[in-house]
>>> print(open('start.pdb').read())   # PDB, C-alpha atoms
ATOM      1  CA  MET E  10      -6.607  -5.558 -82.585
ATOM      2  CA  GLN E  11      -3.900  -3.325 -81.209
ATOM      3  CA  SER E  12      -0.402  -4.790 -81.200
ATOM      4  CA  VAL E  13       1.142  -5.432 -77.837
ATOM      5  CA  GLY E  14       4.347  -3.555 -77.154
ATOM      6  CA  VAL E  15       7.374  -5.176 -75.590
ATOM      7  CA  GLN E  16       9.184  -3.461 -72.768
ATOM      8  CA  ARG E  17      12.424  -4.507 -71.118
ATOM      9  CA  PHE E  18      13.469  -3.335 -67.716
ATOM     10  CA  LEU E  19      16.116  -4.089 -65.163
ATOM     11  CA  CYS E  20      15.208  -5.742 -61.912
ATOM     12  CA  GLY E  21      17.780  -5.198 -59.206
ATOM     13  CA  ARG E  22      20.450  -4.711 -61.907
ATOM     14  CA  LYS E  23      20.818  -8.476 -62.286
ATOM     15  CA  HIS E  24      18.127  -9.623 -64.654
ATOM     16  CA  VAL E  25      16.335  -8.289 -67.663
ATOM     17  CA  ARG E  26      12.608  -8.953 -67.725
ATOM     18  CA  THR E  27      10.320  -8.744 -70.704
ATOM     19  CA  TRP E  28       6.781  -7.597 -70.275
ATOM     20  CA  ARG E  29       4.467  -7.829 -73.210
ATOM     21  CA  GLY E  30       1.785  -5.465 -71.909
ATOM     22  CA  PRO E  31      -1.895  -5.983 -71.208
ATOM     23  CA  GLY E  32      -3.358  -9.163 -72.583
ATOM     24  CA  SER E  33      -0.034 -10.942 -72.605
ATOM     25  CA  GLY E  34      -1.242 -13.727 -70.354
ATOM     26  CA  LEU E  35       0.302 -12.342 -67.157
ATOM     27  CA  ASN E  36      -2.055 -10.616 -64.820
ATOM     28  CA  ASN E  37      -0.903  -7.378 -63.262
ATOM     29  CA  MET E  38      -0.662  -8.815 -59.746
ATOM     30  CA  GLY E  39       1.475 -11.687 -60.992
ATOM     31  CA  LEU E  40       3.845  -9.219 -62.616
ATOM     32  CA  LEU E  41       3.893  -7.028 -59.518
ATOM     33  CA  ASN E  42       4.666 -10.025 -57.323
ATOM     34  CA  GLU E  43       7.412 -11.083 -59.719
ATOM     35  CA  ILE E  44       8.977  -7.633 -59.583
ATOM     36  CA  LEU E  45       8.640  -7.405 -55.799
ATOM     37  CA  ASN E  46      10.275 -10.803 -55.334
ATOM     38  CA  GLU E  47      13.403  -9.509 -57.034
ATOM     39  CA  VAL E  48      13.564  -6.153 -55.242
ATOM     40  CA  PRO E  49      15.289  -6.295 -51.872
ATOM     41  CA  LEU E  50      12.670  -5.465 -49.245
ATOM     42  CA  SER E  51      13.047  -4.848 -45.572
ATOM     43  CA  ALA E  52      11.969  -7.614 -43.236
ATOM     44  CA  GLU E  53       9.230  -5.411 -41.819
ATOM     45  CA  LEU E  54       7.774  -4.746 -45.270
ATOM     46  CA  ARG E  55       7.823  -8.460 -46.087
ATOM     47  CA  LYS E  56       5.955  -9.175 -42.824
ATOM     48  CA  LYS E  57       3.315  -6.586 -43.740
ATOM     49  CA  ILE E  58       2.909  -8.058 -47.220
ATOM     50  CA  ALA E  59       2.630 -11.579 -45.776
ATOM     51  CA  SER E  60       0.072 -10.338 -43.241
ATOM     52  CA  ILE E  61      -1.987  -8.637 -45.956
ATOM     53  CA  GLU E  62      -1.847 -11.751 -48.155
ATOM     54  CA  ALA E  63      -2.981 -13.917 -45.222
ATOM     55  CA  GLN E  64      -5.774 -11.465 -44.497
ATOM     56  CA  ASN E  65      -6.796 -11.521 -48.174
ATOM     57  CA  ASP E  66      -6.891 -15.339 -48.170
ATOM     58  CA  SER E  67      -8.934 -15.296 -44.982
ATOM     59  CA  LEU E  68     -11.422 -12.849 -46.519
ATOM     60  CA  LYS E  69     -11.730 -14.970 -49.650
ATOM     61  CA  THR E  70     -12.498 -18.042 -47.508
ATOM     62  CA  GLU E  71     -15.010 -16.087 -45.445
ATOM     63  CA  ASN E  72     -16.629 -14.822 -48.664
ATOM     64  CA  VAL E  73     -17.085 -18.378 -49.937
ATOM     65  CA  ILE E  74     -18.602 -19.434 -46.601
ATOM     66  CA  LEU E  75     -20.945 -16.440 -46.576
ATOM     67  CA  LYS E  76     -22.072 -17.130 -50.137
ATOM     68  CA  ASP E  77     -22.875 -20.710 -49.140
ATOM     69  CA  ASP E  78     -24.754 -19.509 -46.050
ATOM     70  CA  LEU E  79     -26.679 -17.040 -48.200
ATOM     71  CA  ARG E  80     -27.656 -19.779 -50.633
ATOM     72  CA  GLU E  81     -28.924 -21.936 -47.737
ATOM     73  CA  ALA E  82     -30.787 -18.975 -46.235
ATOM     74  CA  LYS E  83     -32.529 -18.272 -49.551
ATOM     75  CA  VAL E  84     -33.697 -21.886 -49.722
ATOM     76  CA  GLN E  85     -34.969 -21.639 -46.140
ATOM     77  CA  ILE E  86     -36.770 -18.357 -46.926
ATOM     78  CA  ILE E  87     -38.543 -19.991 -49.867
ATOM     79  CA  LYS E  88     -39.654 -22.913 -47.664
ATOM     80  CA  LEU E  89     -40.901 -20.578 -44.937
ATOM     81  CA  GLN E  90     -42.688 -18.377 -47.465
ATOM     82  CA  LYS E  91     -44.553 -21.425 -48.763
ATOM     83  CA  ARG E  92     -45.598 -22.299 -45.197
ATOM     84  CA  ILE E  93     -46.767 -18.744 -44.578
ATOM     85  CA  ASP E  94     -48.770 -18.807 -47.800
ATOM     86  CA  GLU E  95     -50.437 -22.061 -46.718
ATOM     87  CA  PHE E  96     -51.535 -20.507 -43.415
ATOM     88  CA  ALA E  97     -52.396 -17.089 -44.777
ATOM     89  CA  HIS E  98     -54.432 -18.274 -47.741
ATOM     90  CA  THR E  99     -58.008 -18.882 -46.709
ATOM     91  CA  PRO E 100     -60.071 -20.419 -49.449
ATOM     92  CA  GLU E 101     -63.153 -18.432 -50.225
ATOM     93  CA  LEU E 102     -66.268 -19.974 -48.816
ATOM     94  CA  ASP E 103     -69.596 -19.026 -50.261
ATOM     95  CA  GLU E 104     -72.906 -18.832 -48.427
ATOM     96  CA  THR E 105     -73.731 -22.502 -49.085
ATOM     97  CA  ASP E 106     -70.384 -23.633 -47.643
ATOM     98  CA  MET E 107     -70.995 -21.488 -44.555
ATOM     99  CA  LEU E 108     -74.496 -22.936 -44.122
ATOM    100  CA  ILE E 109     -73.115 -26.482 -44.360
ATOM    101  CA  LEU E 110     -70.403 -25.729 -41.775
ATOM    102  CA  LYS E 111     -72.917 -24.062 -39.463
ATOM    103  CA  GLU E 112     -75.329 -26.991 -39.707
ATOM    104  CA  ILE E 113     -72.535 -29.473 -38.970
ATOM    105  CA  ALA E 114     -71.586 -27.362 -35.921
ATOM    106  CA  LEU E 115     -75.187 -27.419 -34.677
ATOM    107  CA  THR E 116     -75.793 -31.101 -35.464
ATOM    108  CA  SER E 117     -73.548 -33.784 -34.086
ATOM    109  CA  ASP E 118     -71.673 -35.369 -37.032
ATOM    110  CA  PRO E 119     -74.523 -35.449 -39.565
ATOM    111  CA  PRO E 120     -74.557 -37.559 -42.745
ATOM    112  CA  ALA E 121     -74.808 -35.861 -46.171
ATOM    113  CA  SER E 122     -78.490 -36.852 -46.525
ATOM    114  CA  HIS E 123     -79.395 -34.981 -43.310
ATOM    115  CA  LEU E 124     -77.544 -31.864 -44.512
ATOM    116  CA  ALA E 125     -79.242 -31.996 -47.943
ATOM    117  CA  GLU E 126     -82.667 -32.320 -46.330
ATOM    118  CA  LYS E 127     -82.057 -29.606 -43.718
ATOM    119  CA  LEU E 128     -80.597 -27.103 -46.239
ATOM    120  CA  LYS E 129     -83.065 -28.058 -48.997
ATOM    121  CA  LEU E 130     -80.260 -28.841 -51.464
ATOM    122  CA  ASP E 131     -79.645 -31.711 -53.853
ATOM    123  CA  LYS E 132     -77.713 -34.536 -52.135
ATOM    124  CA  ALA E 133     -75.102 -34.633 -54.969
ATOM    125  CA  THR E 134     -74.469 -30.900 -54.536
ATOM    126  CA  VAL E 135     -74.026 -31.313 -50.792
ATOM    127  CA  GLU E 136     -71.671 -34.283 -51.275
ATOM    128  CA  PHE E 137     -69.589 -32.303 -53.775
ATOM    129  CA  ARG E 138     -69.281 -29.381 -51.371
ATOM    130  CA  LEU E 139     -68.478 -31.696 -48.463
ATOM    131  CA  GLU E 140     -65.590 -33.239 -50.448
ATOM    132  CA  ARG E 141     -64.278 -29.759 -51.250
ATOM    133  CA  LEU E 142     -64.450 -28.771 -47.578
ATOM    134  CA  ILE E 143     -62.553 -31.952 -46.682
ATOM    135  CA  ASP E 144     -59.898 -31.140 -49.306
ATOM    136  CA  ILE E 145     -59.283 -27.700 -47.813
ATOM    137  CA  ASP E 146     -59.156 -29.131 -44.261
ATOM    138  CA  TYR E 147     -62.397 -27.638 -42.984
ATOM    139  CA  LEU E 148     -64.028 -31.034 -42.394
ATOM    140  CA  SER E 149     -63.095 -34.589 -41.571
ATOM    141  CA  THR E 150     -65.157 -37.661 -42.341
ATOM    142  CA  TRP E 151     -65.707 -41.008 -40.674
ATOM    143  CA  SER E 152     -68.176 -43.812 -41.049
ATOM    144  CA  ILE E 153     -69.801 -46.567 -39.058
ATOM    145  CA  GLY E 154     -71.799 -49.118 -40.989
ATOM    146  CA  GLY E 155     -71.132 -47.436 -44.336
ATOM    147  CA  VAL E 156     -72.811 -44.064 -43.693
ATOM    148  CA  GLU E 157     -70.269 -41.248 -43.835
ATOM    149  CA  ARG E 158     -70.532 -38.595 -41.182
ATOM    150  CA  TYR E 159     -68.859 -35.197 -41.135
ATOM    151  CA  SER E 160     -67.093 -33.326 -38.337
ATOM    152  CA  LEU E 161     -65.638 -29.845 -38.123
ATOM    153  CA  GLN E 162     -61.904 -29.372 -38.055
ATOM    154  CA  PRO E 163     -60.450 -26.687 -35.747
ATOM    155  CA  LYS E 164     -59.884 -24.484 -38.800
ATOM    156  CA  SER E 165     -63.615 -24.466 -39.663
ATOM    157  CA  ARG E 166     -64.713 -23.930 -36.071
ATOM    158  CA  GLU E 167     -62.363 -20.917 -35.905
ATOM    159  CA  TYR E 168     -63.799 -19.606 -39.194
ATOM    160  CA  LEU E 169     -67.376 -19.902 -37.901
ATOM    161  CA  ILE E 170     -66.525 -18.101 -34.657
ATOM    162  CA  LYS E 171     -64.603 -15.312 -36.413
ATOM    163  CA  ASN E 172     -67.576 -14.729 -38.732
ATOM    164  CA  ASN E 173     -70.088 -14.824 -35.832
ATOM    165  CA  LEU E 174     -71.893 -17.830 -37.274
ATOM    166  CA  ILE E 175     -71.627 -19.753 -33.996
ATOM    167  CA  SER E 176     -70.722 -18.671 -30.496
TER     168      SER E 176
END
>>> encode(input="start.pdb", output="structure tokens")
Amino acid sequence: MQSVGVQRFLCGRKHVRTWRGPGSGLNNMGLLNEILNEVPLSAELRKKIASIEAQNDSLKTENVILKDDLREAKVQIIKLQKRIDEFAHTPELDETDMLILKEIALTSDPPASHLAEKLKLDKATVEFRLERLIDIDYLSTWSIGGVERYSLQPKSREYLIKNNLIS
């Protein structure tokens, strides 16, 4: 490591100051302020320095506030992006899913057994697909007397219309 030199200088012919150079623990602004405090300055120059220091403090405060606002905005952006992804992501429906949705649209709240019979599919397969369609908010279910019936959600009705499966 390089040795730090020692310099002595006169400040206003009254005091001798010692400066140990870079890395001595004093930052350059602290040293400059120390020197300026001992040099006689005009009142106007002191006012300008005070004004600049006040402006600097104000900018530092504004910077902290803006950083906080930015942090909050980033959190909000992430939340909104998640909401957009939820609306934009349409689960892929295969031909069987579309046939089930179309049959439910044409039949008033059918049970799974009716759908299996009409589509010539195994009842367990139809029930599995119905549960999946409920999970992705394409269907709702209700029952009277223990038999579950299935109804379209607005999302599925919109899907069927967009794909010209119903009018």
>>> resolve_selection(input="start.pdb", expression="the PyMOL selection byres ((chain E and resi 100-115) around 8)", output="number ranges by chain")
E: 98-99, 116-119, 124, 128, 138, 142, 145, 159-161, 165-166, 169, 174-175
>>> residues_around(input="start.pdb", residues="Glu157 (chain E)", least_positions_apart="6", cutoff="8 Å", atoms="only C-alpha atoms", output="VMD selection string")
chain E and resid 120 to 121 150 to 151
>>> write_last_selection(input="start.pdb", atoms="C-alpha atoms", output="CSV table (one decimal), keeping the file's coordinate frame")
chain,number,residue,atom,x,y,z
E,120,PRO,CA,-74.6,-37.6,-42.7
E,121,ALA,CA,-74.8,-35.9,-46.2
E,150,THR,CA,-65.2,-37.7,-42.3
E,151,TRP,CA,-65.7,-41.0,-40.7
>>> atom_distance(input="start.pdb", atom1="CA of Glu167 (chain E)", atom2="CA of Ser149 (chain E)")
14.8 Å
>>> closest_residue(input="start.pdb", among="E:Lys83, E:Ile93, E:Asn42, E:Asp146", to="Glu62 (chain E)", atoms="only C-alpha atoms")
E:Asn42
>>> closest_residue(input="start.pdb", among="E:Lys171, E:Lys164, E:Val135, E:Asp66", to="Leu148 (chain E)", atoms="all atoms listed in the file")
E:Lys164
>>> atom_distance(input="start.pdb", atom1="CA of Gln90 (chain E)", atom2="CA of Arg141 (chain E)")
24.7 Å
>>> atom_distance(input="start.pdb", atom1="CA of Lys69 (chain E)", atom2="CA of Lys56 (chain E)")
19.8 Å
